[in-house]
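What follows is the content of target-v8.pdb, which has PDB, C-alpha atoms:
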ATOM      1  CA  MET L 105     -80.451-105.641   0.501  1.00  0.00           C
ATOM      2  CA  GLY L 106     -82.889-103.064  -0.758  1.00  0.00           C
ATOM      3  CA  GLY L 107     -84.367 -99.898   0.674  1.00  0.00           C
ATOM      4  CA  GLY L 108     -82.217 -99.965   3.828  1.00  0.00           C
ATOM      5  CA  GLU L 109     -79.797 -97.444   5.207  1.00  0.00           C
ATOM      6  CA  HIS L 110     -76.679 -97.052   3.109  1.00  0.00           C
ATOM      7  CA  HIS L 111     -73.284 -96.383   4.740  1.00  0.00           C
ATOM      8  CA  TYR L 112     -70.993 -94.273   2.612  1.00  0.00           C
ATOM      9  CA  ARG L 113     -67.555 -95.803   2.893  1.00  0.00           C
ATOM     10  CA  VAL L 114     -64.338 -93.936   2.169  1.00  0.00           C
ATOM     11  CA  SER L 115     -63.629 -96.376  -0.683  1.00  0.00           C
ATOM     12  CA  GLU L 116     -66.841 -95.313  -2.480  1.00  0.00           C
ATOM     13  CA  TRP L 117     -65.875 -91.666  -2.830  1.00  0.00           C
ATOM     14  CA  THR L 118     -64.342 -90.051  -5.855  1.00  0.00           C
ATOM     15  CA  GLU L 119     -60.560 -90.275  -5.890  1.00  0.00           C
ATOM     16  CA  GLY L 120     -60.094 -86.612  -5.013  1.00  0.00           C
ATOM     17  CA  ASP L 121     -62.342 -86.846  -1.945  1.00  0.00           C
ATOM     18  CA  ARG L 122     -60.802 -89.877  -0.247  1.00  0.00           C
ATOM     19  CA  PRO L 123     -58.956 -88.870   2.944  1.00  0.00           C
ATOM     20  CA  ARG L 124     -57.024 -92.160   3.155  1.00  0.00           C
ATOM     21  CA  GLU L 125     -55.570 -91.581  -0.298  1.00  0.00           C
ATOM     22  CA  ARG L 126     -54.887 -87.927   0.534  1.00  0.00           C
ATOM     23  CA  LEU L 127     -53.035 -89.027   3.669  1.00  0.00           C
ATOM     24  CA  ARG L 128     -50.979 -91.497   1.619  1.00  0.00           C
ATOM     25  CA  ASP L 129     -50.151 -88.924  -1.066  1.00  0.00           C
ATOM     26  CA  ARG L 130     -49.721 -85.772   1.032  1.00  0.00           C
ATOM     27  CA  GLY L 131     -49.014 -86.962   4.590  1.00  0.00           C
ATOM     28  CA  ALA L 132     -51.182 -86.778   7.693  1.00  0.00           C
ATOM     29  CA  GLY L 133     -49.973 -83.271   8.533  1.00  0.00           C
ATOM     30  CA  ASN L 134     -51.646 -81.876   5.409  1.00  0.00           C
ATOM     31  CA  LEU L 135     -55.135 -83.186   6.183  1.00  0.00           C
ATOM     32  CA  HIS L 136     -57.821 -81.141   7.901  1.00  0.00           C
ATOM     33  CA  ASP L 137     -59.218 -82.262  11.269  1.00  0.00           C
ATOM     34  CA  ALA L 138     -62.421 -83.475   9.609  1.00  0.00           C
ATOM     35  CA  GLU L 139     -60.496 -85.646   7.146  1.00  0.00           C
ATOM     36  CA  LEU L 140     -58.443 -87.271   9.909  1.00  0.00           C
ATOM     37  CA  LEU L 141     -61.583 -87.820  11.969  1.00  0.00           C
ATOM     38  CA  ALA L 142     -63.320 -89.353   8.929  1.00  0.00           C
ATOM     39  CA  ILE L 143     -60.554 -91.942   8.655  1.00  0.00           C
ATOM     40  CA  LEU L 144     -61.260 -92.980  12.253  1.00  0.00           C
ATOM     41  CA  LEU L 145     -65.010 -93.117  11.576  1.00  0.00           C
ATOM     42  CA  ARG L 146     -64.470 -95.205   8.393  1.00  0.00           C
ATOM     43  CA  VAL L 147     -68.121 -94.961   7.250  1.00  0.00           C
ATOM     44  CA  GLY L 148     -70.836 -92.332   7.150  1.00  0.00           C
ATOM     45  CA  ASN L 149     -74.596 -92.746   7.015  1.00  0.00           C
ATOM     46  CA  ARG L 150     -77.420 -92.449   4.554  1.00  0.00           C
ATOM     47  CA  GLY L 151     -76.901 -89.195   2.675  1.00  0.00           C
ATOM     48  CA  GLU L 152     -73.873 -88.249   4.787  1.00  0.00           C
ATOM     49  CA  SER L 153     -70.258 -89.171   4.132  1.00  0.00           C
ATOM     50  CA  SER L 154     -67.853 -89.824   6.983  1.00  0.00           C
ATOM     51  CA  VAL L 155     -66.224 -86.439   6.318  1.00  0.00           C
ATOM     52  CA  ALA L 156     -69.621 -84.736   6.585  1.00  0.00           C
ATOM     53  CA  LEU L 157     -70.286 -86.601   9.838  1.00  0.00           C
ATOM     54  CA  ALA L 158     -66.866 -85.539  11.123  1.00  0.00           C
ATOM     55  CA  GLN L 159     -67.570 -81.910  10.200  1.00  0.00           C
ATOM     56  CA  ARG L 160     -70.901 -82.079  12.024  1.00  0.00           C
ATOM     57  CA  LEU L 161     -69.236 -83.389  15.192  1.00  0.00           C
ATOM     58  CA  LEU L 162     -66.502 -80.762  15.092  1.00  0.00           C
ATOM     59  CA  ALA L 163     -69.013 -77.958  14.569  1.00  0.00           C
ATOM     60  CA  ARG L 164     -71.219 -79.239  17.391  1.00  0.00           C
ATOM     61  CA  TYR L 165     -68.414 -79.382  19.958  1.00  0.00           C
ATOM     62  CA  GLY L 166     -66.183 -76.562  18.777  1.00  0.00           C
ATOM     63  CA  GLY L 167     -63.327 -78.624  17.363  1.00  0.00           C
ATOM     64  CA  LEU L 168     -61.165 -81.510  18.509  1.00  0.00           C
ATOM     65  CA  GLU L 169     -60.596 -80.144  22.024  1.00  0.00           C
ATOM     66  CA  GLY L 170     -64.323 -79.981  22.661  1.00  0.00           C
ATOM     67  CA  LEU L 171     -64.921 -83.374  21.099  1.00  0.00           C
ATOM     68  CA  ALA L 172     -62.214 -84.913  23.289  1.00  0.00           C
ATOM     69  CA  GLY L 173     -64.184 -84.047  26.425  1.00  0.00           C
ATOM     70  CA  VAL L 174     -67.543 -85.536  25.390  1.00  0.00           C
ATOM     71  CA  PRO L 175     -68.614 -88.532  27.506  1.00  0.00           C
ATOM     72  CA  PHE L 176     -68.996 -91.867  25.715  1.00  0.00           C
ATOM     73  CA  SER L 177     -72.728 -92.064  26.426  1.00  0.00           C
ATOM     74  CA  GLU L 178     -73.409 -88.627  24.932  1.00  0.00           C
ATOM     75  CA  LEU L 179     -71.304 -89.143  21.823  1.00  0.00           C
ATOM     76  CA  SER L 180     -72.686 -92.604  21.059  1.00  0.00           C
ATOM     77  CA  ALA L 181     -76.259 -91.255  21.226  1.00  0.00           C
ATOM     78  CA  ILE L 182     -75.721 -88.757  18.381  1.00  0.00           C
ATOM     79  CA  THR L 183     -77.422 -89.609  15.111  1.00  0.00           C
ATOM     80  CA  GLY L 184     -74.977 -91.446  12.888  1.00  0.00           C
ATOM     81  CA  MET L 185     -72.670 -92.515  15.703  1.00  0.00           C
ATOM     82  CA  GLY L 186     -73.147 -95.577  17.918  1.00  0.00           C
ATOM     83  CA  LEU L 187     -70.827 -97.724  20.017  1.00  0.00           C
ATOM     84  CA  ALA L 188     -68.259 -98.671  17.359  1.00  0.00           C
ATOM     85  CA  LYS L 189     -67.674 -95.180  15.952  1.00  0.00           C
ATOM     86  CA  THR L 190     -67.574 -93.623  19.403  1.00  0.00           C
ATOM     87  CA  ALA L 191     -65.010 -96.185  20.544  1.00  0.00           C
ATOM     88  CA  GLN L 192     -62.888 -95.528  17.450  1.00  0.00           C
ATOM     89  CA  ILE L 193     -62.894 -91.768  18.013  1.00  0.00           C
ATOM     90  CA  GLN L 194     -62.167 -91.922  21.736  1.00  0.00           C
ATOM     91  CA  ALA L 195     -59.409 -94.490  21.244  1.00  0.00           C
ATOM     92  CA  GLY L 196     -57.782 -92.309  18.573  1.00  0.00           C
ATOM     93  CA  LEU L 197     -57.947 -89.185  20.748  1.00  0.00           C
ATOM     94  CA  GLU L 198     -56.502 -91.047  23.741  1.00  0.00           C
ATOM     95  CA  LEU L 199     -53.614 -92.349  21.634  1.00  0.00           C
ATOM     96  CA  GLY L 200     -52.899 -88.758  20.639  1.00  0.00           C
ATOM     97  CA  ARG L 201     -52.818 -87.705  24.299  1.00  0.00           C
ATOM     98  CA  ARG L 202     -50.455 -90.538  25.205  1.00  0.00           C
ATOM     99  CA  VAL L 203     -48.080 -89.801  22.347  1.00  0.00           C
ATOM    100  CA  SER L 204     -48.051 -86.143  23.382  1.00  0.00           C
ATOM    101  CA  GLY L 205     -47.259 -87.127  26.965  1.00  0.00           C
ATOM    102  CA  LYS L 206     -44.403 -89.419  25.955  1.00  0.00           C
ATOM    103  CA  MET L 207     -42.812 -86.640  23.917  1.00  0.00           C
ATOM    104  CA  ARG L 208     -42.236 -84.613  27.095  1.00  0.00           C
ATOM    105  CA  PRO L 209     -39.115 -85.146  29.224  1.00  0.00           C
ATOM    106  CA  PHE L 210     -39.539 -88.333  31.235  1.00  0.00           C
ATOM    107  CA  ARG L 211     -38.728 -86.699  34.563  1.00  0.00           C
ATOM    108  CA  PRO L 212     -39.103 -82.940  34.150  1.00  0.00           C
ATOM    109  CA  GLU L 213     -38.105 -80.708  37.047  1.00  0.00           C
ATOM    110  CA  ILE L 214     -41.034 -78.765  38.504  1.00  0.00           C
ATOM    111  CA  ARG L 215     -39.905 -75.188  39.073  1.00  0.00           C
ATOM    112  CA  SER L 216     -43.134 -73.224  38.741  1.00  0.00           C
ATOM    113  CA  ALA L 217     -46.885 -73.421  38.267  1.00  0.00           C
ATOM    114  CA  ARG L 218     -46.231 -72.993  34.541  1.00  0.00           C
ATOM    115  CA  ASP L 219     -44.362 -76.311  34.585  1.00  0.00           C
ATOM    116  CA  VAL L 220     -47.425 -77.907  36.159  1.00  0.00           C
ATOM    117  CA  TYR L 221     -49.623 -76.487  33.415  1.00  0.00           C
ATOM    118  CA  ASP L 222     -47.269 -77.821  30.742  1.00  0.00           C
ATOM    119  CA  ILE L 223     -47.610 -81.317  32.216  1.00  0.00           C
ATOM    120  CA  LEU L 224     -51.357 -81.502  32.888  1.00  0.00           C
ATOM    121  CA  GLY L 225     -52.937 -78.477  31.217  1.00  0.00           C
ATOM    122  CA  SER L 226     -53.800 -80.039  27.865  1.00  0.00           C
ATOM    123  CA  ARG L 227     -55.206 -83.160  29.512  1.00  0.00           C
ATOM    124  CA  LEU L 228     -57.361 -81.450  32.133  1.00  0.00           C
ATOM    125  CA  ARG L 229     -58.581 -78.771  29.707  1.00  0.00           C
ATOM    126  CA  ASP L 230     -60.710 -81.487  28.076  1.00  0.00           C
ATOM    127  CA  GLU L 231     -62.297 -82.593  31.364  1.00  0.00           C
ATOM    128  CA  ARG L 232     -65.915 -81.676  32.045  1.00  0.00           C
ATOM    129  CA  ARG L 233     -65.673 -82.581  35.716  1.00  0.00           C
ATOM    130  CA  GLU L 234     -63.258 -81.448  38.384  1.00  0.00           C
ATOM    131  CA  SER L 235     -60.312 -83.814  38.627  1.00  0.00           C
ATOM    132  CA  PHE L 236     -57.809 -83.784  41.498  1.00  0.00           C
ATOM    133  CA  TRP L 237     -54.212 -84.966  40.923  1.00  0.00           C
ATOM    134  CA  ALA L 238     -50.999 -85.447  42.878  1.00  0.00           C
ATOM    135  CA  LEU L 239     -47.613 -84.875  41.249  1.00  0.00           C
ATOM    136  CA  LEU L 240     -45.031 -86.981  43.080  1.00  0.00           C
ATOM    137  CA  LEU L 241     -41.540 -85.479  43.159  1.00  0.00           C
ATOM    138  CA  ASP L 242     -38.072 -86.584  44.217  1.00  0.00           C
ATOM    139  CA  GLN L 243     -35.640 -84.521  46.327  1.00  0.00           C
ATOM    140  CA  ARG L 244     -34.660 -82.453  43.279  1.00  0.00           C
ATOM    141  CA  HIS L 245     -38.332 -81.783  42.513  1.00  0.00           C
ATOM    142  CA  ARG L 246     -38.236 -83.975  39.418  1.00  0.00           C
ATOM    143  CA  LEU L 247     -41.501 -85.622  38.481  1.00  0.00           C
ATOM    144  CA  GLN L 248     -41.741 -89.279  39.503  1.00  0.00           C
ATOM    145  CA  ASN L 249     -45.405 -89.835  38.696  1.00  0.00           C
ATOM    146  CA  ALA L 250     -48.711 -88.066  38.148  1.00  0.00           C
ATOM    147  CA  VAL L 251     -51.655 -89.736  39.872  1.00  0.00           C
ATOM    148  CA  ARG L 252     -55.369 -88.953  39.600  1.00  0.00           C
ATOM    149  CA  ILE L 253     -56.744 -88.932  43.151  1.00  0.00           C
ATOM    150  CA  SER L 254     -60.415 -88.232  42.610  1.00  0.00           C
ATOM    151  CA  GLU L 255     -63.010 -86.937  40.179  1.00  0.00           C
ATOM    152  CA  GLY L 256     -65.975 -84.829  41.203  1.00  0.00           C
ATOM    153  CA  SER L 257     -68.979 -83.005  39.813  1.00  0.00           C
ATOM    154  CA  LEU L 258     -68.954 -79.899  37.637  1.00  0.00           C
ATOM    155  CA  SER L 259     -68.495 -77.700  40.720  1.00  0.00           C
ATOM    156  CA  MET L 260     -66.749 -79.722  43.440  1.00  0.00           C
ATOM    157  CA  THR L 261     -64.171 -82.432  43.953  1.00  0.00           C
ATOM    158  CA  LEU L 262     -64.272 -84.492  47.148  1.00  0.00           C
ATOM    159  CA  VAL L 263     -60.738 -85.071  48.390  1.00  0.00           C
ATOM    160  CA  HIS L 264     -59.789 -86.939  51.568  1.00  0.00           C
ATOM    161  CA  PRO L 265     -56.220 -86.449  52.841  1.00  0.00           C
ATOM    162  CA  ARG L 266     -55.780 -90.203  53.200  1.00  0.00           C
ATOM    163  CA  GLU L 267     -56.361 -90.738  49.458  1.00  0.00           C
ATOM    164  CA  ALA L 268     -54.415 -87.597  48.580  1.00  0.00           C
ATOM    165  CA  PHE L 269     -51.217 -88.746  50.316  1.00  0.00           C
ATOM    166  CA  ASN L 270     -51.451 -92.507  49.706  1.00  0.00           C
ATOM    167  CA  PRO L 271     -49.526 -92.416  46.374  1.00  0.00           C
ATOM    168  CA  ALA L 272     -46.767 -90.243  47.882  1.00  0.00           C
ATOM    169  CA  ILE L 273     -46.383 -92.622  50.844  1.00  0.00           C
ATOM    170  CA  ARG L 274     -46.453 -95.690  48.592  1.00  0.00           C
ATOM    171  CA  ASP L 275     -43.814 -94.309  46.201  1.00  0.00           C
ATOM    172  CA  SER L 276     -41.677 -92.705  48.943  1.00  0.00           C
ATOM    173  CA  ALA L 277     -41.966 -89.287  47.293  1.00  0.00           C
ATOM    174  CA  ALA L 278     -39.883 -86.511  48.850  1.00  0.00           C
ATOM    175  CA  ALA L 279     -42.473 -83.888  47.986  1.00  0.00           C
ATOM    176  CA  VAL L 280     -45.900 -83.618  46.447  1.00  0.00           C
ATOM    177  CA  LEU L 281     -47.703 -80.975  44.442  1.00  0.00           C
ATOM    178  CA  PHE L 282     -51.476 -81.026  44.172  1.00  0.00           C
ATOM    179  CA  VAL L 283     -53.400 -79.978  41.073  1.00  0.00           C
ATOM    180  CA  HIS L 284     -57.026 -79.716  40.075  1.00  0.00           C
ATOM    181  CA  ASN L 285     -58.953 -78.158  37.216  1.00  0.00           C
ATOM    182  CA  HIS L 286     -61.922 -75.829  36.975  1.00  0.00           C
ATOM    183  CA  PRO L 287     -64.117 -76.982  34.045  1.00  0.00           C
ATOM    184  CA  SER L 288     -65.475 -73.419  33.755  1.00  0.00           C
ATOM    185  CA  GLY L 289     -62.056 -72.377  32.462  1.00  0.00           C
ATOM    186  CA  ASP L 290     -61.603 -69.804  35.253  1.00  0.00           C
ATOM    187  CA  PRO L 291     -58.761 -70.916  37.573  1.00  0.00           C
ATOM    188  CA  GLU L 292     -59.584 -68.458  40.357  1.00  0.00           C
ATOM    189  CA  PRO L 293     -59.510 -70.486  43.624  1.00  0.00           C
ATOM    190  CA  SER L 294     -62.721 -70.875  45.611  1.00  0.00           C
ATOM    191  CA  SER L 295     -62.991 -70.695  49.394  1.00  0.00           C
ATOM    192  CA  ASP L 296     -63.144 -74.516  49.383  1.00  0.00           C
ATOM    193  CA  ASP L 297     -59.863 -74.595  47.430  1.00  0.00           C
ATOM    194  CA  TRP L 298     -58.201 -72.428  50.088  1.00  0.00           C
ATOM    195  CA  ALA L 299     -59.549 -74.580  52.923  1.00  0.00           C
ATOM    196  CA  LEU L 300     -58.446 -77.804  51.218  1.00  0.00           C
ATOM    197  CA  THR L 301     -54.964 -76.382  50.617  1.00  0.00           C
ATOM    198  CA  GLN L 302     -54.564 -75.539  54.297  1.00  0.00           C
ATOM    199  CA  ARG L 303     -55.702 -79.011  55.345  1.00  0.00           C
ATOM    200  CA  LEU L 304     -53.336 -80.730  52.884  1.00  0.00           C
ATOM    201  CA  ARG L 305     -50.407 -78.565  53.996  1.00  0.00           C
ATOM    202  CA  GLU L 306     -51.024 -79.481  57.642  1.00  0.00           C
ATOM    203  CA  CYS L 307     -51.336 -83.183  56.827  1.00  0.00           C
ATOM    204  CA  GLY L 308     -48.117 -83.076  54.836  1.00  0.00           C
ATOM    205  CA  GLU L 309     -46.289 -81.586  57.836  1.00  0.00           C
ATOM    206  CA  LEU L 310     -47.543 -84.421  60.060  1.00  0.00           C
ATOM    207  CA  LEU L 311     -46.469 -87.041  57.509  1.00  0.00           C
ATOM    208  CA  GLY L 312     -43.106 -85.476  56.776  1.00  0.00           C
ATOM    209  CA  ILE L 313     -43.997 -84.968  53.093  1.00  0.00           C
ATOM    210  CA  ARG L 314     -43.462 -81.446  51.826  1.00  0.00           C
ATOM    211  CA  VAL L 315     -46.440 -79.994  49.974  1.00  0.00           C
ATOM    212  CA  LEU L 316     -44.958 -77.561  47.467  1.00  0.00           C
ATOM    213  CA  ASP L 317     -48.105 -76.070  45.989  1.00  0.00           C
ATOM    214  CA  HIS L 318     -51.736 -76.506  45.035  1.00  0.00           C
ATOM    215  CA  VAL L 319     -52.280 -75.333  41.466  1.00  0.00           C
ATOM    216  CA  VAL L 320     -55.690 -74.683  39.913  1.00  0.00           C
ATOM    217  CA  LEU L 321     -55.812 -75.067  36.137  1.00  0.00           C
ATOM    218  CA  GLY L 322     -58.225 -73.356  33.771  1.00  0.00           C
ATOM    219  CA  ASP L 323     -58.398 -72.744  30.043  1.00  0.00           C
ATOM    220  CA  HIS L 324     -54.836 -71.690  29.101  1.00  0.00           C
ATOM    221  CA  ALA L 325     -54.483 -70.232  32.610  1.00  0.00           C
ATOM    222  CA  TRP L 326     -53.505 -71.302  36.097  1.00  0.00           C
ATOM    223  CA  VAL L 327     -53.280 -70.044  39.679  1.00  0.00           C
ATOM    224  CA  SER L 328     -50.683 -71.099  42.262  1.00  0.00           C
ATOM    225  CA  LEU L 329     -52.035 -70.980  45.810  1.00  0.00           C
ATOM    226  CA  GLU L 330     -48.444 -70.984  47.066  1.00  0.00           C
ATOM    227  CA  GLU L 331     -47.840 -67.756  45.141  1.00  0.00           C
ATOM    228  CA  ARG L 332     -51.086 -66.386  46.580  1.00  0.00           C
ATOM    229  CA  GLY L 333     -49.731 -66.927  50.119  1.00  0.00           C
ATOM    230  CA  ALA L 334     -51.532 -70.112  51.155  1.00  0.00           C
ATOM    231  CA  PHE L 335     -48.311 -71.616  52.524  1.00  0.00           C
ATOM    232  CA  ARG L 336     -47.265 -68.603  54.607  1.00  0.00           C
ATOM    233  CA  ALA L 337     -49.731 -69.342  57.401  1.00  0.00           C
ATOM    234  CA  THR L 338     -48.253 -69.391  60.878  1.00  0.00           C
ATOM    235  CA  LYS L 339     -47.692 -72.863  62.275  1.00  0.00           C
ATOM    236  CA  THR L 340     -49.450 -73.727  65.485  1.00  0.00           C
TER     237      THR L 340
END
For this file, write the structure as structure tokens.
Amino acid sequence: MGGGEHHYRVSEWTEGDRPRERLRDRGAGNLHDAELLAILLRVGNRGESSVALAQRLLARYGGLEGLAGVPFSELSAITGMGLAKTAQIQAGLELGRRVSGKMRPFRPEIRSARDVYDILGSRLRDERRESFWALLLDQRHRLQNAVRISEGSLSMTLVHPREAFNPAIRDSAAAVLFVHNHPSGDPEPSSDDWALTQRLRECGELLGIRVLDHVVLGDHAWVSLEERGAFRATKT
């Protein structure tokens, strides 16, 4: 084939520039983010190696954390990407998330909002839309399951109490703790967050399921509405 686009494969580089060989010789922990990403990409494009493409992606989105939150449609539309490379990157990042999750205690005890952040903070920090979750707990407040209830726009998540409590009823949870993220990075609760917390607390009382807290997660920060007094309202 002549005159067409040439893909620069890892195998075509000089020995010192090949990330696969560097991984073999030095171990994955000694490779830079761009080198690891280049291994997932496998090939570059005309005039651009896979490492150069990886560096361009990391610079564009501010590193791996930013890249992890890019929607499939946006990433696949970037020059030099496409469906296959985008799928490879997103699959690799998701495997990393799952491995990280499995390294945590299987049923950690939830004692504070910090514990909630340790469980969901790294996952929700990558989200570009609000995502509402329920943490299902046993009588000792140990985590049974974490369930995504709904996903909203950049500014609002629509949550119906029926959907919010369905997983807790189905799994016979003794208590539930609700969590959602603010994609802006600022966890300060909105007036809607306060109103939703009150409604969920009242529904939990009717159902006999204790609502322990509603935690808002931001960028390396969190706010507990229970600590802010949302659960001290007088019962009617």
* Structure fact -> For L:Glu125, the closest of L:Ala279, L:Ile143, L:Leu321, L:Thr183 counting all atoms listed in the file is L:Ile143
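Within the file as shown, the PyMOL selection byres ((chain L and resi 190) around 9) identifies Leu145, Phe176, Ser177, Leu179, Ser180, Met185, Gly186, Leu187, Ala188, Lys189, Ala191, Gln192, Ile193, Gln194 and Ala195 of chain L.
Here atom CA of L:Arg124 and atom CA of L:Gly148 stand 14.4 Å from one another.
If you measure from each of L:His284, L:Arg274, L:Arg332, L:Arg146 to L:Tyr221 using only C-alpha atoms, the closest one turns out to be L:His284.
Put simply, atom CA of L:Leu281 is 21.7 Å away from atom CA of L:Arg202.
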* Within 10 Å of L:Gly170, counting only C-alpha atoms, which residues qualify if same-chain residues fewer than 6 places away don't, as a list in words? -> Leu161, Leu162, Ala163, Arg164, Arg229, Asp230, Glu231 and Arg232 of chain L
